[in-house]
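> What follows is a single structure, and I will ask about it in a moment.
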2 protein chains.
Amino acid sequence: MSRILLSHGAGGRDMLRLITEVFRSRYSPAGVSQDDSAVLLLDAASLALTTDAFVVSPLFFPGGDIGRLAVAGTVNDLLTAAAQPLALAAAFILEEGLPLADLERIVGSMQETAAEAGVSIVTGDTKVVPRGSADQVFITTTGVGRILRPGVSGAAARPGDAVLLTGTIGDHGTAVMLARENLLGAAPIVSDAAPLTEIVLNLVQAAIPVHALRDPTRGGVAATLNEIAEQSQTAIEIEEERLPVQPAVAAACEALGLDPLTVANEGKMVVIVPPAAADQALAVIRGSRYGANAVRIGTVSAGPAGRVQVRTAFGTARLLEMPTGELLPRIC
Amino acid sequence: MSRILLSHGAGGRDMLRLITEVFRSRYSPAGVSQDDSAVLLLDAASLALTTDAFVVSPLFFPGGDIGRLAVAGTVNDLLTAAAQPLALAAAFILEEGLPLADLERIVGSMQETAAEAGVSIVTGDTKVVPRGSADQVFITTTGVGRILRPGVSGAAARPGDAVLLTGTIGDHGTAVMLARENLLGAAPIVSDAAPLTEIVLNLVQAAIPVHALRDPTRGGVAATLNEIAEQSQTAIEIEEERLPVQPAVAAACEALGLDPLTVANEGKMVVIVPPAAADQALAVIRGSRYGANAVRIGTVSAGPAGRVQVRTAFGTARLLEMPTGELLPRIC
């Protein structure tokens, strides 16, 4: 690779390679976290720090907008470290000529989502670039959180663990694709963009011994499970018929040639817990906002390390690989 | 205003208005910090949090590049809260087709600057947008720091305080403008982009009772002094002949029609201290890296609140207003 390709931002194998070869090799000799949040040790408290750039197109789509996405995405990344979100910072890159009404709508949406997530946006920055040097609005949100349960990490999945999913898959990516292609009338699909604070705080409060949490955004559940299997050197098997997919999403994915397992979600969490805690965890998630459709989708096993498989309704198994190639640019 | 203008990102009056009307009114009901860093209270430790988007063009210029800028700028913002930088997060928006060698050079420069500043880049994010949807590379860096001396704020300037400046003004903005216009041969001007960790940590270690620290970036020293006078409801008077301006910078500014007082700096700090501490503070700054040319440039007085004046060599005084209009787009 000598030039940046769209696939370098797609959440799949090329992006992993870029991060490993270009960034991780140069930053933080002590080791950059492979989780979505870095952990800072500060006196008695452990902090989580996470950052995400949002470049979604279009800015507004059924179920959300770039502002809701920017807050929910960063809050959810903090939650993957079992951290209570404390504060957000927001940096805007604006294109000259952007209608102010659009910016105000986005900022209002951020504020609403932050309030829902129980966090404040406490600092920010604004840059404006000449027309044509950016596309409307890009937002980078960074979050700081206080870690409530140490050790929750993709590396902590153990053989025998249950793999839970907090709801339906593929909603966000499909909603954005349809909005972008002006196929809105075709199917009533709305993005799931939402902050999952309640689910995670309730799991912590119920003292569920959670091993791993990860939000399946770019690259979808396929990328998330591959990352966890790789980090924890385990294998993961999921059952296809247990995967919750809304019929309209399934139909749209088929029409667009997409596998819902590789489509981005923005309001879902993969939750990995010891088998004995699976039922209680499911009950807690189902009793929390945005968790009503939670299901157990699979199991962690000892190996081969890094392998993710999908068992079909016919009893056969297929390999679920880390997605490759371009996937869906500007989906978040 | 109904559309975003370049002036909304220029660090002057329009940007202040945008921040006040669009952002501050919606975020953080408890009040968004008017300083460059927000303060988080966490157990015994107080944290500073700051974020900045960097969109400088060209990416590489004499004395630095977007990577050095992205680290130094965020580190310096933490230092304005008298905070020791603890960790940085970096989010990249990359344009499809960017030469990988450029990205690697930038990331390497970030790492070098972070090491110099005594901080680690611990987490990050990468998005890629299709060709034409962004210009090469935008970087948002967010920093977390531990506040060493509470209460340092633009609001804390007091009548009688000395206004110190850690070195020459106008270097960064002039260097970037000349690089952008391909006038590199005309004058040997290099950006001052640098992390000022040593200056601030030495001031704290020497127990100098610093009242305010601010790095005069977009909008230059003019914007910084106006912000401090406004926040602290004081007046500030500086002496023109004490302002350190390199002859080549002065000549370039004259040729470009710029006032060095409104040109961005990326390795300078305005330091406001009680009069009794001024001499010791100057000695500490001059003994620190990047502080050799520190001078006292003026004095804070009781009022009229918000007024900033420049006293000329002829004894006359002129008003130094918050810069307005477009200034220099994409200077940082």
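Just remember, in the structure tokens the first chain shown is A, the second B, etc., residues are 1-based per chain, and ligands are 1-based in the order shown.
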Quick one: residues within 9 Å of Ser57 in chain A, only C-alpha atoms counted, chain neighbours fewer than 4 positions away excluded, as a list in words?

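Once the nearby chain positions are removed, what remains is Phe61, Ile66, Asp135, Val176, Met177, Ala179, Arg180, Pro329, Arg330, Ile331 and Cys332 of chain A.
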
> When you look at range 197-210 of chain A with a cut-off of 8 Å (counting only C-alpha atoms), what residues show up, excluding the ones that are within fewer than 6 positions of it in the same chain? I need them as a compact mmCIF listing (two decimals) with C-alpha atoms, in the first residue's frame.


```txt
# COMPACT_ATOMS: atom_id res chain seq x y z
CA VAL A 75 -20.33 7.19 24.71
CA ASN A 76 -20.65 3.58 23.57
CA LEU A 79 -19.05 1.90 27.83
CA ALA A 82 -17.28 -0.55 31.50
CA GLN A 84 -19.26 5.69 33.20
CA ALA A 117 -26.50 9.44 27.89
CA GLY A 118 -25.97 11.30 31.16
CA LEU A 148 -16.45 1.01 37.06
CA ARG A 149 -15.34 -2.56 36.47
CA VAL A 152 -13.35 -5.65 30.76
CA VAL A 271 -21.63 -8.65 25.58
CA ILE A 272 -19.48 -11.60 26.60
CA VAL A 273 -20.13 -13.16 30.00
CA PRO A 274 -19.35 -16.42 31.83
CA ALA A 277 -24.17 -15.35 34.27
CA GLN A 280 -29.17 -12.98 34.43
CA ALA A 281 -27.24 -10.72 32.03
CA VAL A 284 -30.79 -7.17 32.89
CA ILE A 285 -30.20 -6.09 29.28
CA SER A 288 -32.82 -1.71 30.04
CA ARG A 289 -33.52 0.94 27.41
CA TYR A 290 -32.51 -0.26 23.92
CA GLY A 291 -32.08 -3.83 25.18
```

> Provide the CA of Gly170 in chain B to CA of Val245 in chain B distance in Å, to one decimal place.

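Interatomic distance, CA of Gly170 in chain B to CA of Val245 in chain B: 7.2 Å.
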
> Once DSSP has gone over the backbone, tell me which residues of range 122-296 of chain B are in strand (DSSP E or B), as a CSV table (one decimal) with all heavy atoms, in the first residue's frame.


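For reference, result.csv as written:
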```csv
chain,number,residue,atom,x,y,z
B,122,VAL,N,-2.4,7.6,23.2
B,122,VAL,CA,-2.8,6.3,23.7
B,122,VAL,C,-4.0,5.7,23.0
B,122,VAL,O,-4.3,4.6,23.2
B,122,VAL,CB,-3.1,6.4,25.2
B,122,VAL,CG1,-1.9,6.8,26.0
B,122,VAL,CG2,-4.3,7.4,25.5
B,123,THR,N,-4.7,6.5,22.2
B,123,THR,CA,-5.8,6.0,21.5
B,123,THR,C,-6.1,6.8,20.2
B,123,THR,O,-5.6,7.9,20.1
B,123,THR,CB,-7.1,5.9,22.4
B,123,THR,OG1,-8.1,5.1,21.7
B,123,THR,CG2,-7.6,7.3,22.7
B,124,GLY,N,-6.8,6.3,19.3
B,124,GLY,CA,-7.1,7.0,18.1
B,124,GLY,C,-8.2,6.5,17.2
B,124,GLY,O,-8.8,5.5,17.6
B,125,ASP,N,-8.4,7.1,16.1
B,125,ASP,CA,-9.4,6.7,15.2
B,125,ASP,C,-9.0,7.1,13.8
B,125,ASP,O,-8.3,8.1,13.6
B,125,ASP,CB,-10.8,7.3,15.6
B,125,ASP,CG,-11.9,6.8,14.7
B,125,ASP,OD1,-12.0,5.6,14.5
B,125,ASP,OD2,-12.7,7.6,14.2
B,126,THR,N,-9.5,6.4,12.8
B,126,THR,CA,-9.2,6.7,11.4
B,126,THR,C,-10.4,6.6,10.5
B,126,THR,O,-11.1,5.6,10.6
B,126,THR,CB,-8.1,5.8,10.8
B,126,THR,OG1,-7.0,5.7,11.7
B,126,THR,CG2,-7.6,6.3,9.5
B,127,LYS,N,-10.7,7.7,9.8
B,127,LYS,CA,-11.8,7.6,8.8
B,127,LYS,C,-11.2,8.0,7.5
B,127,LYS,O,-10.3,8.8,7.4
B,127,LYS,CB,-12.9,8.5,9.2
B,127,LYS,CG,-13.7,8.2,10.4
B,127,LYS,CD,-14.5,7.0,10.3
B,127,LYS,CE,-15.5,6.7,11.5
B,127,LYS,NZ,-14.9,6.8,12.8
B,128,VAL,N,-11.7,7.4,6.4
B,128,VAL,CA,-11.2,7.7,5.1
B,128,VAL,C,-12.5,8.2,4.3
B,128,VAL,O,-13.5,7.5,4.4
B,128,VAL,CB,-10.6,6.6,4.4
B,128,VAL,CG1,-10.2,7.0,3.0
B,128,VAL,CG2,-9.4,6.1,5.1
B,129,VAL,N,-12.4,9.3,3.6
B,129,VAL,CA,-13.5,9.8,2.8
B,129,VAL,C,-13.1,9.8,1.4
B,129,VAL,O,-11.9,9.9,1.0
B,129,VAL,CB,-13.9,11.2,3.3
B,129,VAL,CG1,-14.4,11.2,4.7
B,129,VAL,CG2,-12.8,12.2,3.1
B,134,ALA,N,-12.5,15.7,1.3
B,134,ALA,CA,-11.7,16.3,2.3
B,134,ALA,C,-10.4,16.7,1.6
B,134,ALA,O,-10.1,16.2,0.5
B,134,ALA,CB,-11.4,15.4,3.5
B,137,VAL,N,-5.4,15.5,4.7
B,137,VAL,CA,-5.5,15.0,6.1
B,137,VAL,C,-6.0,16.1,7.0
B,137,VAL,O,-5.5,17.2,7.0
B,137,VAL,CB,-4.1,14.7,6.6
B,137,VAL,CG1,-4.2,14.0,8.0
B,137,VAL,CG2,-3.3,13.8,5.7
B,138,PHE,N,-7.0,15.7,7.9
B,138,PHE,CA,-7.3,16.5,9.0
B,138,PHE,C,-7.1,15.7,10.3
B,138,PHE,O,-7.3,14.5,10.3
B,138,PHE,CB,-8.8,16.9,9.0
B,138,PHE,CG,-9.3,17.7,7.7
B,138,PHE,CD1,-10.5,17.5,7.2
B,138,PHE,CD2,-8.4,18.6,7.1
B,138,PHE,CE1,-10.9,18.2,6.1
B,138,PHE,CE2,-8.8,19.3,6.0
B,138,PHE,CZ,-10.1,19.1,5.5
B,139,ILE,N,-6.6,16.3,11.3
B,139,ILE,CA,-6.3,15.6,12.6
B,139,ILE,C,-7.0,16.3,13.7
B,139,ILE,O,-6.8,17.5,13.9
B,139,ILE,CB,-4.8,15.5,12.9
B,139,ILE,CG1,-4.1,14.9,11.7
B,139,ILE,CG2,-4.5,14.7,14.1
B,139,ILE,CD1,-2.5,14.9,11.8
B,140,THR,N,-7.7,15.6,14.5
B,140,THR,CA,-8.2,16.1,15.8
B,140,THR,C,-7.4,15.5,17.0
B,140,THR,O,-7.5,14.3,17.1
B,140,THR,CB,-9.7,15.9,16.0
B,140,THR,OG1,-10.4,16.7,14.9
B,140,THR,CG2,-10.2,16.5,17.3
B,141,THR,N,-6.8,16.3,17.8
B,141,THR,CA,-6.1,15.7,18.9
B,141,THR,C,-6.8,16.2,20.2
B,141,THR,O,-7.1,17.4,20.3
B,141,THR,CB,-4.6,16.1,19.0
B,141,THR,OG1,-4.5,17.4,18.4
B,141,THR,CG2,-3.7,15.1,18.3
B,142,THR,N,-7.0,15.3,21.1
B,142,THR,CA,-7.6,15.6,22.4
B,142,THR,C,-6.6,15.3,23.5
B,142,THR,O,-6.0,14.2,23.4
B,142,THR,CB,-8.9,14.8,22.5
B,142,THR,OG1,-9.7,15.1,21.4
B,142,THR,CG2,-9.7,15.2,23.8
B,143,GLY,N,-6.5,16.1,24.5
B,143,GLY,CA,-5.6,15.8,25.6
B,143,GLY,C,-6.2,15.8,26.9
B,143,GLY,O,-7.2,16.6,27.2
B,144,VAL,N,-5.7,15.0,27.8
B,144,VAL,CA,-6.1,15.0,29.2
B,144,VAL,C,-4.8,15.3,30.0
B,144,VAL,O,-3.8,14.8,29.7
B,144,VAL,CB,-6.6,13.6,29.6
B,144,VAL,CG1,-6.9,13.5,31.1
B,144,VAL,CG2,-7.8,13.2,28.8
B,145,GLY,N,-5.0,16.2,31.0
B,145,GLY,CA,-3.9,16.5,31.8
B,145,GLY,C,-4.3,16.6,33.3
B,145,GLY,O,-5.5,16.7,33.6
B,146,ARG,N,-3.3,16.6,34.1
B,146,ARG,CA,-3.5,16.7,35.5
B,146,ARG,C,-3.2,18.1,36.0
B,146,ARG,O,-2.1,18.5,35.8
B,146,ARG,CB,-2.6,15.7,36.2
B,146,ARG,CG,-2.8,15.6,37.7
B,146,ARG,CD,-1.5,15.1,38.3
B,146,ARG,NE,-1.7,14.8,39.7
B,146,ARG,CZ,-2.1,13.7,40.2
B,146,ARG,NH1,-2.3,12.6,39.5
B,146,ARG,NH2,-2.4,13.6,41.5
B,147,ILE,N,-4.2,18.7,36.6
B,147,ILE,CA,-4.0,20.1,36.9
B,147,ILE,C,-3.0,20.2,38.2
B,147,ILE,O,-3.3,19.7,39.2
B,147,ILE,CB,-5.3,20.8,37.2
B,147,ILE,CG1,-6.1,20.9,35.9
B,147,ILE,CG2,-5.1,22.2,37.8
B,147,ILE,CD1,-7.5,21.4,36.0
B,162,ALA,N,1.5,41.7,35.6
B,162,ALA,CA,2.4,41.8,34.5
B,162,ALA,C,2.0,40.9,33.4
B,162,ALA,O,1.6,39.7,33.7
B,162,ALA,CB,3.9,41.5,34.9
B,163,VAL,N,2.1,41.3,32.1
B,163,VAL,CA,1.8,40.5,31.0
B,163,VAL,C,3.1,40.1,30.3
B,163,VAL,O,3.9,41.0,29.8
B,163,VAL,CB,0.9,41.3,30.0
B,163,VAL,CG1,0.6,40.4,28.8
B,163,VAL,CG2,-0.4,41.7,30.7
B,164,LEU,N,3.4,38.8,30.4
B,164,LEU,CA,4.7,38.3,29.8
B,164,LEU,C,4.4,37.6,28.5
B,164,LEU,O,3.3,37.0,28.4
B,164,LEU,CB,5.4,37.4,30.8
B,164,LEU,CG,5.5,37.9,32.2
B,164,LEU,CD1,6.2,36.8,33.1
B,164,LEU,CD2,6.2,39.2,32.3
B,165,LEU,N,5.4,37.5,27.6
B,165,LEU,CA,5.2,36.8,26.4
B,165,LEU,C,6.5,36.0,26.3
B,165,LEU,O,7.6,36.5,26.5
B,165,LEU,CB,5.1,37.8,25.2
B,165,LEU,CG,4.9,37.2,23.8
B,165,LEU,CD1,3.6,36.4,23.7
B,165,LEU,CD2,4.9,38.3,22.8
B,212,ALA,N,-2.8,33.7,34.8
B,212,ALA,CA,-3.4,33.2,33.5
B,212,ALA,C,-2.3,32.8,32.6
B,212,ALA,O,-1.2,33.3,32.6
B,212,ALA,CB,-4.2,34.3,32.9
B,213,LEU,N,-2.6,31.8,31.8
B,213,LEU,CA,-1.7,31.3,30.7
B,213,LEU,C,-2.6,31.1,29.5
B,213,LEU,O,-3.7,30.6,29.6
B,213,LEU,CB,-1.1,29.9,31.1
B,213,LEU,CG,-0.2,29.8,32.3
B,213,LEU,CD1,0.0,28.4,32.7
B,213,LEU,CD2,1.2,30.4,31.9
B,214,ARG,N,-2.1,31.6,28.3
B,214,ARG,CA,-2.9,31.3,27.1
B,214,ARG,C,-1.9,31.3,25.9
B,214,ARG,O,-1.1,32.2,25.8
B,214,ARG,CB,-4.0,32.3,26.9
B,214,ARG,CG,-4.9,31.9,25.7
B,214,ARG,CD,-6.3,32.4,25.8
B,214,ARG,NE,-7.0,31.9,27.0
B,214,ARG,CZ,-8.3,32.2,27.3
B,214,ARG,NH1,-9.0,32.9,26.4
B,214,ARG,NH2,-8.8,31.7,28.4
B,235,ALA,N,-8.6,45.8,31.9
B,235,ALA,CA,-8.1,46.4,30.7
B,235,ALA,C,-6.6,45.9,30.7
B,235,ALA,O,-6.0,45.6,31.7
B,235,ALA,CB,-8.1,47.9,30.8
B,236,ILE,N,-6.1,45.8,29.4
B,236,ILE,CA,-4.7,45.4,29.3
B,236,ILE,C,-4.0,46.4,28.4
B,236,ILE,O,-4.6,46.8,27.3
B,236,ILE,CB,-4.6,44.0,28.7
B,236,ILE,CG1,-5.1,43.0,29.6
B,236,ILE,CG2,-3.1,43.7,28.3
B,236,ILE,CD1,-5.1,41.5,29.1
B,237,GLU,N,-2.8,46.9,28.8
B,237,GLU,CA,-2.1,47.8,27.9
B,237,GLU,C,-0.7,47.2,27.6
B,237,GLU,O,0.0,46.7,28.6
B,237,GLU,CB,-1.9,49.2,28.5
B,237,GLU,CG,-1.3,50.1,27.5
B,237,GLU,CD,-1.3,51.6,28.0
B,237,GLU,OE1,-2.4,52.2,27.9
B,237,GLU,OE2,-0.3,52.1,28.5
B,238,ILE,N,-0.3,47.1,26.3
B,238,ILE,CA,1.0,46.6,26.0
B,238,ILE,C,1.8,47.6,25.3
B,238,ILE,O,1.2,48.6,24.8
B,238,ILE,CB,0.9,45.3,25.1
B,238,ILE,CG1,0.2,45.6,23.8
B,238,ILE,CG2,0.2,44.2,25.9
B,238,ILE,CD1,0.2,44.4,22.8
B,239,GLU,N,3.1,47.5,25.3
B,239,GLU,CA,4.0,48.5,24.7
B,239,GLU,C,4.5,47.9,23.4
B,239,GLU,O,5.2,46.9,23.4
B,239,GLU,CB,5.1,48.9,25.6
B,239,GLU,CG,4.6,49.6,26.9
B,239,GLU,CD,5.7,49.9,27.9
B,239,GLU,OE1,6.7,50.4,27.4
B,239,GLU,OE2,5.5,49.6,29.1
B,270,VAL,N,1.2,33.5,26.4
B,270,VAL,CA,1.1,34.7,27.2
B,270,VAL,C,0.9,34.3,28.7
B,270,VAL,O,0.1,33.4,29.0
B,270,VAL,CB,-0.2,35.5,26.8
B,270,VAL,CG1,-0.5,36.6,27.7
B,270,VAL,CG2,0.0,36.0,25.3
B,271,VAL,N,1.7,34.9,29.5
B,271,VAL,CA,1.8,34.5,30.9
B,271,VAL,C,1.5,35.7,31.8
B,271,VAL,O,2.2,36.8,31.7
B,271,VAL,CB,3.2,34.0,31.3
B,271,VAL,CG1,3.3,33.6,32.8
B,271,VAL,CG2,3.6,32.8,30.4
B,272,ILE,N,0.5,35.6,32.6
B,272,ILE,CA,0.1,36.8,33.4
B,272,ILE,C,0.3,36.4,34.9
B,272,ILE,O,-0.2,35.4,35.4
B,272,ILE,CB,-1.4,37.1,33.1
B,272,ILE,CG1,-1.5,37.6,31.7
B,272,ILE,CG2,-1.9,38.2,34.1
B,272,ILE,CD1,-2.8,38.3,31.3
B,273,VAL,N,1.1,37.3,35.5
B,273,VAL,CA,1.6,37.0,36.9
B,273,VAL,C,1.5,38.3,37.7
B,273,VAL,O,1.5,39.4,37.2
B,273,VAL,CB,3.0,36.5,37.0
B,273,VAL,CG1,3.1,35.1,36.3
B,273,VAL,CG2,4.0,37.5,36.3
B,295,VAL,N,9.8,38.2,27.2
B,295,VAL,CA,9.8,39.6,27.6
B,295,VAL,C,8.5,40.0,28.3
B,295,VAL,O,7.5,39.3,28.2
B,295,VAL,CB,9.9,40.6,26.4
B,295,VAL,CG1,11.3,40.6,25.8
B,295,VAL,CG2,8.9,40.2,25.4
B,296,ARG,N,8.6,41.1,29.1
B,296,ARG,CA,7.4,41.6,29.6
B,296,ARG,C,6.8,42.6,28.6
B,296,ARG,O,7.6,43.5,28.2
B,296,ARG,CB,7.7,42.4,30.9
B,296,ARG,CG,6.4,43.0,31.5
B,296,ARG,CD,6.7,43.6,32.9
B,296,ARG,NE,5.4,44.3,33.3
B,296,ARG,CZ,5.2,44.7,34.5
B,296,ARG,NH1,6.0,44.4,35.5
B,296,ARG,NH2,4.0,45.3,34.8
```

> Write out as a PyMOL selection string the set of residues from range 72-243 of chain A that DSSP, computed on the backbone, places in helix (DSSP H, G or I).

chain A and resi 72-79+100-117+154-156+171-180+184-186+197-205+220-232+240-242

> In Å, with one decimal, what is the gap from CA of Glu241 in chain A to CA of Leu183 in chain A?

27.8 Å

> Would you pick out the contacts of Ala223 in chain B at 7 Å or less, using only C-alpha atoms, so that residues sharing its chain but fewer than 3 positions from it are not included, and give the list as a list in words?

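In the requested format, the answer is Gly12, Gly219, Gly220, Asn226, Glu227, Thr262, Met322 and Pro323 of chain B.
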
> Can you write out the residues you just picked, keeping all heavy atoms, as a PDB file, in the first residue's frame?


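Done, and the output landed in part.pdb:
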```pdb
ATOM      1  N   GLY B  12     -11.468  35.001  15.496  1.00  0.00           N
ATOM      2  CA  GLY B  12     -11.834  36.372  15.839  1.00  0.00           C
ATOM      3  C   GLY B  12     -13.267  36.484  16.320  1.00  0.00           C
ATOM      4  O   GLY B  12     -13.829  35.573  16.921  1.00  0.00           O
ATOM      5  N   GLY B 219      -5.836  34.224  15.542  1.00  0.00           N
ATOM      6  CA  GLY B 219      -6.184  35.546  16.047  1.00  0.00           C
ATOM      7  C   GLY B 219      -5.008  36.208  16.767  1.00  0.00           C
ATOM      8  O   GLY B 219      -5.070  37.394  17.095  1.00  0.00           O
ATOM      9  N   GLY B 220      -3.943  35.433  17.010  1.00  0.00           N
ATOM     10  CA  GLY B 220      -2.699  35.966  17.550  1.00  0.00           C
ATOM     11  C   GLY B 220      -2.826  36.547  18.949  1.00  0.00           C
ATOM     12  O   GLY B 220      -3.779  36.295  19.681  1.00  0.00           O
ATOM     13  N   ASN B 226      -7.540  40.170  24.152  1.00  0.00           N
ATOM     14  CA  ASN B 226      -8.947  40.565  24.220  1.00  0.00           C
ATOM     15  C   ASN B 226      -9.771  39.541  24.997  1.00  0.00           C
ATOM     16  O   ASN B 226     -10.655  39.913  25.772  1.00  0.00           O
ATOM     17  CB  ASN B 226      -9.518  40.766  22.812  1.00  0.00           C
ATOM     18  CG  ASN B 226      -9.320  42.183  22.295  1.00  0.00           C
ATOM     19  OD1 ASN B 226     -10.082  43.085  22.648  1.00  0.00           O
ATOM     20  ND2 ASN B 226      -8.273  42.394  21.510  1.00  0.00           N
ATOM     21  N   GLU B 227      -9.493  38.267  24.785  1.00  0.00           N
ATOM     22  CA  GLU B 227     -10.215  37.227  25.530  1.00  0.00           C
ATOM     23  C   GLU B 227      -9.971  37.351  27.034  1.00  0.00           C
ATOM     24  O   GLU B 227     -10.903  37.271  27.838  1.00  0.00           O
ATOM     25  CB  GLU B 227      -9.773  35.831  25.063  1.00  0.00           C
ATOM     26  CG  GLU B 227     -10.312  35.429  23.691  1.00  0.00           C
ATOM     27  CD  GLU B 227      -9.616  34.201  23.126  1.00  0.00           C
ATOM     28  OE1 GLU B 227      -8.962  33.473  23.905  1.00  0.00           O
ATOM     29  OE2 GLU B 227      -9.717  33.987  21.911  1.00  0.00           O
ATOM     30  N   THR B 262      -1.961  39.939  15.094  1.00  0.00           N
ATOM     31  CA  THR B 262      -3.135  39.106  14.798  1.00  0.00           C
ATOM     32  C   THR B 262      -2.744  37.792  14.125  1.00  0.00           C
ATOM     33  O   THR B 262      -3.612  37.010  13.730  1.00  0.00           O
ATOM     34  CB  THR B 262      -4.139  39.841  13.892  1.00  0.00           C
ATOM     35  OG1 THR B 262      -3.540  40.015  12.604  1.00  0.00           O
ATOM     36  CG2 THR B 262      -4.520  41.198  14.452  1.00  0.00           C
ATOM     37  N   MET B 322     -10.386  42.820  19.055  1.00  0.00           N
ATOM     38  CA  MET B 322     -10.520  41.420  18.657  1.00  0.00           C
ATOM     39  C   MET B 322     -10.514  41.384  17.133  1.00  0.00           C
ATOM     40  O   MET B 322     -11.292  42.091  16.489  1.00  0.00           O
ATOM     41  CB  MET B 322     -11.851  40.882  19.194  1.00  0.00           C
ATOM     42  CG  MET B 322     -12.153  39.446  18.796  1.00  0.00           C
ATOM     43  SD  MET B 322     -10.964  38.259  19.432  1.00  0.00           S
ATOM     44  CE  MET B 322     -11.680  37.905  21.041  1.00  0.00           C
ATOM     45  N   PRO B 323      -9.638  40.589  16.527  1.00  0.00           N
ATOM     46  CA  PRO B 323      -9.589  40.555  15.058  1.00  0.00           C
ATOM     47  C   PRO B 323     -10.940  40.150  14.476  1.00  0.00           C
ATOM     48  O   PRO B 323     -11.673  39.359  15.068  1.00  0.00           O
ATOM     49  CB  PRO B 323      -8.528  39.497  14.757  1.00  0.00           C
ATOM     50  CG  PRO B 323      -7.744  39.344  16.007  1.00  0.00           C
ATOM     51  CD  PRO B 323      -8.661  39.688  17.142  1.00  0.00           C
TER      52      PRO B 323
END
```

> For Glu116 in chain B, which residue out of B:Pro275, B:Pro247, B:Gly287, B:Pro195 is the nearest one, using only C-alpha atoms?

B:Pro195

> For a test of reading the model, state the distance in Å between CA of Val190 in chain B and CA of Glu254 in chain B, rounded to one decimal.

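Computing the Euclidean distance for CA of Val190 in chain B and CA of Glu254 in chain B yields 17.0 Å.
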
> Please identify all polymer residues within 6 Å of Gln309 in chain B, counting only C-alpha atoms, omitting same-chain residues fewer than 4 positions from it, and present them as a PyMOL selection string.

chain B and resi 237+318-320

> Hey, which of B:Pro216, B:Pro150, B:Gly67, B:Gly303 ends up closest to Leu261 in chain B? Count only C-alpha atoms.

B:Pro216

> Which residues come within 9 Å of Ala305 in chain B, counting only C-alpha atoms, excluding same-chain residues fewer than 4 positions away, as a VMD selection string?

chain B and resid 229 to 230 232 to 236 301

> List as a list of chain:residue names the protein and nucleic acid residues near Leu69 in chain A, meaning an atom at most 10 Å away when only C-alpha atoms are counted, but skip any in the same chain fewer than 4 places from it.

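Residues near the query, excluding close chain neighbours: A:Phe54, A:Val55, A:Val56, A:Leu59, A:Gly63, A:Gly64, A:Asp65, A:Gly73, A:Thr74, A:Val75, A:Ile106, A:Ser109, A:Met110, A:Thr113, A:Ile139, A:Thr141, A:His172, A:Ser191, A:Asp192, A:Ala193, A:Ala194, A:Pro195, A:Glu266, A:Gly267, A:Cys332.
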